Amino acid sequence: PAPTTPQQTAEQPVVTTPNATNTSLALTALDTLPVKGRAPKTGYARTQFGDGWASINGCDTRNRILHRDLTDAVVSDDCKVMSGTLQDPYTGKVIMFQRGQTTSALVQIDHVVPLSNAWQTGAQLLAPEQREALANDPLELLAVDGAANQQKSDGDAATWLPSNKAFRCQYIARQIAVKQKYNLWVTPPEKQAMQGVLSKCPEQALPAEK
């Protein structure tokens, strides 16, 4: 049967670390990122970041992230996540995930820094293996509501933020962590938007890599 999406909301709490060192604060990290205009999108293709999801020991990145982000995940012997419950960080909805031709897309894996944005803010200068690592990095990936992911498309912080306001600080902190890790820059409007979000949570820490 098709999964249901109850009109239940579950806002994510803002994760702050009162004793965080300055180097672990998102605002501090943001100030270390170069600020430049977007490079041309010329040459961008999804294949610049590898041919789809990478596979490790027969388990691809999509299923690894589903297993990480869903609760009560049921996993088959060949590493496919068959069902589970997603507390969607972008909308706050609770989504009952069921693997199937018409239902799998209800939960999608989002690149927190869209790959086209990454391409235009420094990733085209990375080696191909570095770009593939970025596209498959758990730091860069979240299981989210499919419709919200489609709405976001390749928008940066200046043009799209999660409707779940309680998650915005964590979302921006994750974008900053990815850009810092892969030597990407931010555009002036992007930085301004990030600062606006973080002004409401100045103690927001960068996410732990997992």
# chains A, B, ... in the order shown; residues from 1 in each chain; ligands from 1

$ closest_atom_pairs --of "segment 34-102 of chain A" --to "segment 118-136 of chain A" --cutoff "6 Å" --atoms "only C-alpha atoms" --output "CSV"
residue,atom,partner,partner_atom,distance
A:Arg38,CA,A:Gln120,CA,5.3
A:Ala39,CA,A:Gln120,CA,4.7
A:Lys41,CA,A:Gln120,CA,5.9
A:Phe49,CA,A:Glu132,CA,4.4
A:Gly50,CA,A:Glu132,CA,4.9

$ residues_around --residues "Val74 of chain A" --least-positions-apart "3" --cutoff "6 Å" --atoms "only C-alpha atoms" --output "PDB file with C-alpha atoms, in the first residue's frame"
ATOM      1  CA  VAL A  81      15.914   0.086   2.980  1.00  0.00           C
ATOM      2  CA  MET A  82      12.407  -1.269   2.530  1.00  0.00           C
ATOM      3  CA  SER A  83      10.492   0.891   5.008  1.00  0.00           C
TER       4      SER A  83
END

$ atom_distance --atom1 "atom CA of Ala73 of chain A" --atom2 "atom CA of Ser163 of chain A"
25.4 Å

$ closest_residue --among "A:Phe167, A:Tyr44, A:Trp53, A:Tyr182" --to "Tyr90 of chain A" --atoms "only C-alpha atoms"
A:Phe167

$ atom_distance --atom1 "atom CA of Pro189 of chain A" --atom2 "atom CA of Ala158 of chain A"
5.8 Å

$ residues_around --residues "Met194 of chain A" --least-positions-apart "3" --cutoff "8 Å" --atoms "only C-alpha atoms" --output "list in words"
Ala157, Ala158, Ile172, Glu190, Lys191, Val197 and Leu198 of chain A

$ select_by_dssp --residues "chain A" --states "strand (DSSP E or B)" --output "PyMOL selection string"
chain A and resi 9+16+25+35+55-56+59-60+71-75+81-87+93-98+107-111+141-145+186+204-205

$ closest_residue --among "A:Gln170, A:Asn149, A:Gln108, A:Thr187" --to "Gly37 of chain A" --atoms "only C-alpha atoms"
A:Thr187

$ residues_around --residues "Glu209 of chain A" --least-positions-apart "3" --cutoff "12 Å" --atoms "only C-alpha atoms" --output "number ranges by chain"
A: 137-141, 174, 177-178, 181, 206

$ write_last_selection --atoms "N, CA, C and O atoms" --output "PDB file, in the first residue's frame"
ATOM      1  N   ASP A 137      29.191  12.397   0.347  1.00  0.00           N
ATOM      2  CA  ASP A 137      29.587  12.662   1.730  1.00  0.00           C
ATOM      3  C   ASP A 137      28.346  12.737   2.624  1.00  0.00           C
ATOM      4  O   ASP A 137      27.456  13.557   2.382  1.00  0.00           O
ATOM      5  N   PRO A 138      28.264  11.933   3.685  1.00  0.00           N
ATOM      6  CA  PRO A 138      27.111  12.014   4.591  1.00  0.00           C
ATOM      7  C   PRO A 138      26.891  13.407   5.182  1.00  0.00           C
ATOM      8  O   PRO A 138      25.758  13.766   5.506  1.00  0.00           O
ATOM      9  N   LEU A 139      27.951  14.191   5.300  1.00  0.00           N
ATOM     10  CA  LEU A 139      27.814  15.567   5.789  1.00  0.00           C
ATOM     11  C   LEU A 139      26.949  16.398   4.851  1.00  0.00           C
ATOM     12  O   LEU A 139      26.242  17.320   5.279  1.00  0.00           O
ATOM     13  N   GLU A 140      26.978  16.074   3.579  1.00  0.00           N
ATOM     14  CA  GLU A 140      26.300  16.828   2.518  1.00  0.00           C
ATOM     15  C   GLU A 140      24.890  16.318   2.239  1.00  0.00           C
ATOM     16  O   GLU A 140      24.149  16.931   1.479  1.00  0.00           O
ATOM     17  N   LEU A 141      24.505  15.211   2.876  1.00  0.00           N
ATOM     18  CA  LEU A 141      23.278  14.522   2.487  1.00  0.00           C
ATOM     19  C   LEU A 141      22.272  14.413   3.624  1.00  0.00           C
ATOM     20  O   LEU A 141      22.638  14.163   4.773  1.00  0.00           O
ATOM     21  N   ARG A 174      25.098  23.233   8.332  1.00  0.00           N
ATOM     22  CA  ARG A 174      25.550  22.091   7.510  1.00  0.00           C
ATOM     23  C   ARG A 174      26.079  22.577   6.165  1.00  0.00           C
ATOM     24  O   ARG A 174      27.093  22.077   5.667  1.00  0.00           O
ATOM     25  N   ALA A 177      29.511  23.941   6.794  1.00  0.00           N
ATOM     26  CA  ALA A 177      30.478  22.873   7.040  1.00  0.00           C
ATOM     27  C   ALA A 177      30.921  22.219   5.740  1.00  0.00           C
ATOM     28  O   ALA A 177      32.108  21.910   5.549  1.00  0.00           O
ATOM     29  N   VAL A 178      29.971  21.993   4.832  1.00  0.00           N
ATOM     30  CA  VAL A 178      30.312  21.388   3.544  1.00  0.00           C
ATOM     31  C   VAL A 178      31.207  22.321   2.740  1.00  0.00           C
ATOM     32  O   VAL A 178      32.224  21.902   2.168  1.00  0.00           O
ATOM     33  N   LYS A 181      34.693  22.347   4.204  1.00  0.00           N
ATOM     34  CA  LYS A 181      35.416  21.091   3.982  1.00  0.00           C
ATOM     35  C   LYS A 181      35.947  20.976   2.565  1.00  0.00           C
ATOM     36  O   LYS A 181      37.053  20.444   2.349  1.00  0.00           O
ATOM     37  N   LEU A 206      28.770  23.803  14.224  1.00  0.00           N
ATOM     38  CA  LEU A 206      28.825  23.014  13.001  1.00  0.00           C
ATOM     39  C   LEU A 206      28.421  21.586  13.318  1.00  0.00           C
ATOM     40  O   LEU A 206      28.662  21.095  14.430  1.00  0.00           O
TER      41      LEU A 206
END

$ residues_around --residues "Ala147 of chain A" --least-positions-apart "3" --cutoff "9 Å" --atoms "only C-alpha atoms" --output "count of residues only"
8

$ select_by_dssp --residues "segment 5-185 of chain A" --states "alpha helix (DSSP H)" --output "number ranges by chain"
A: 26-30, 61-69, 115-120, 128-135, 146-152, 168-181

$ atom_distance --atom1 "atom CA of Asn164 of chain A" --atom2 "atom CA of Thr91 of chain A"
4.8 Å
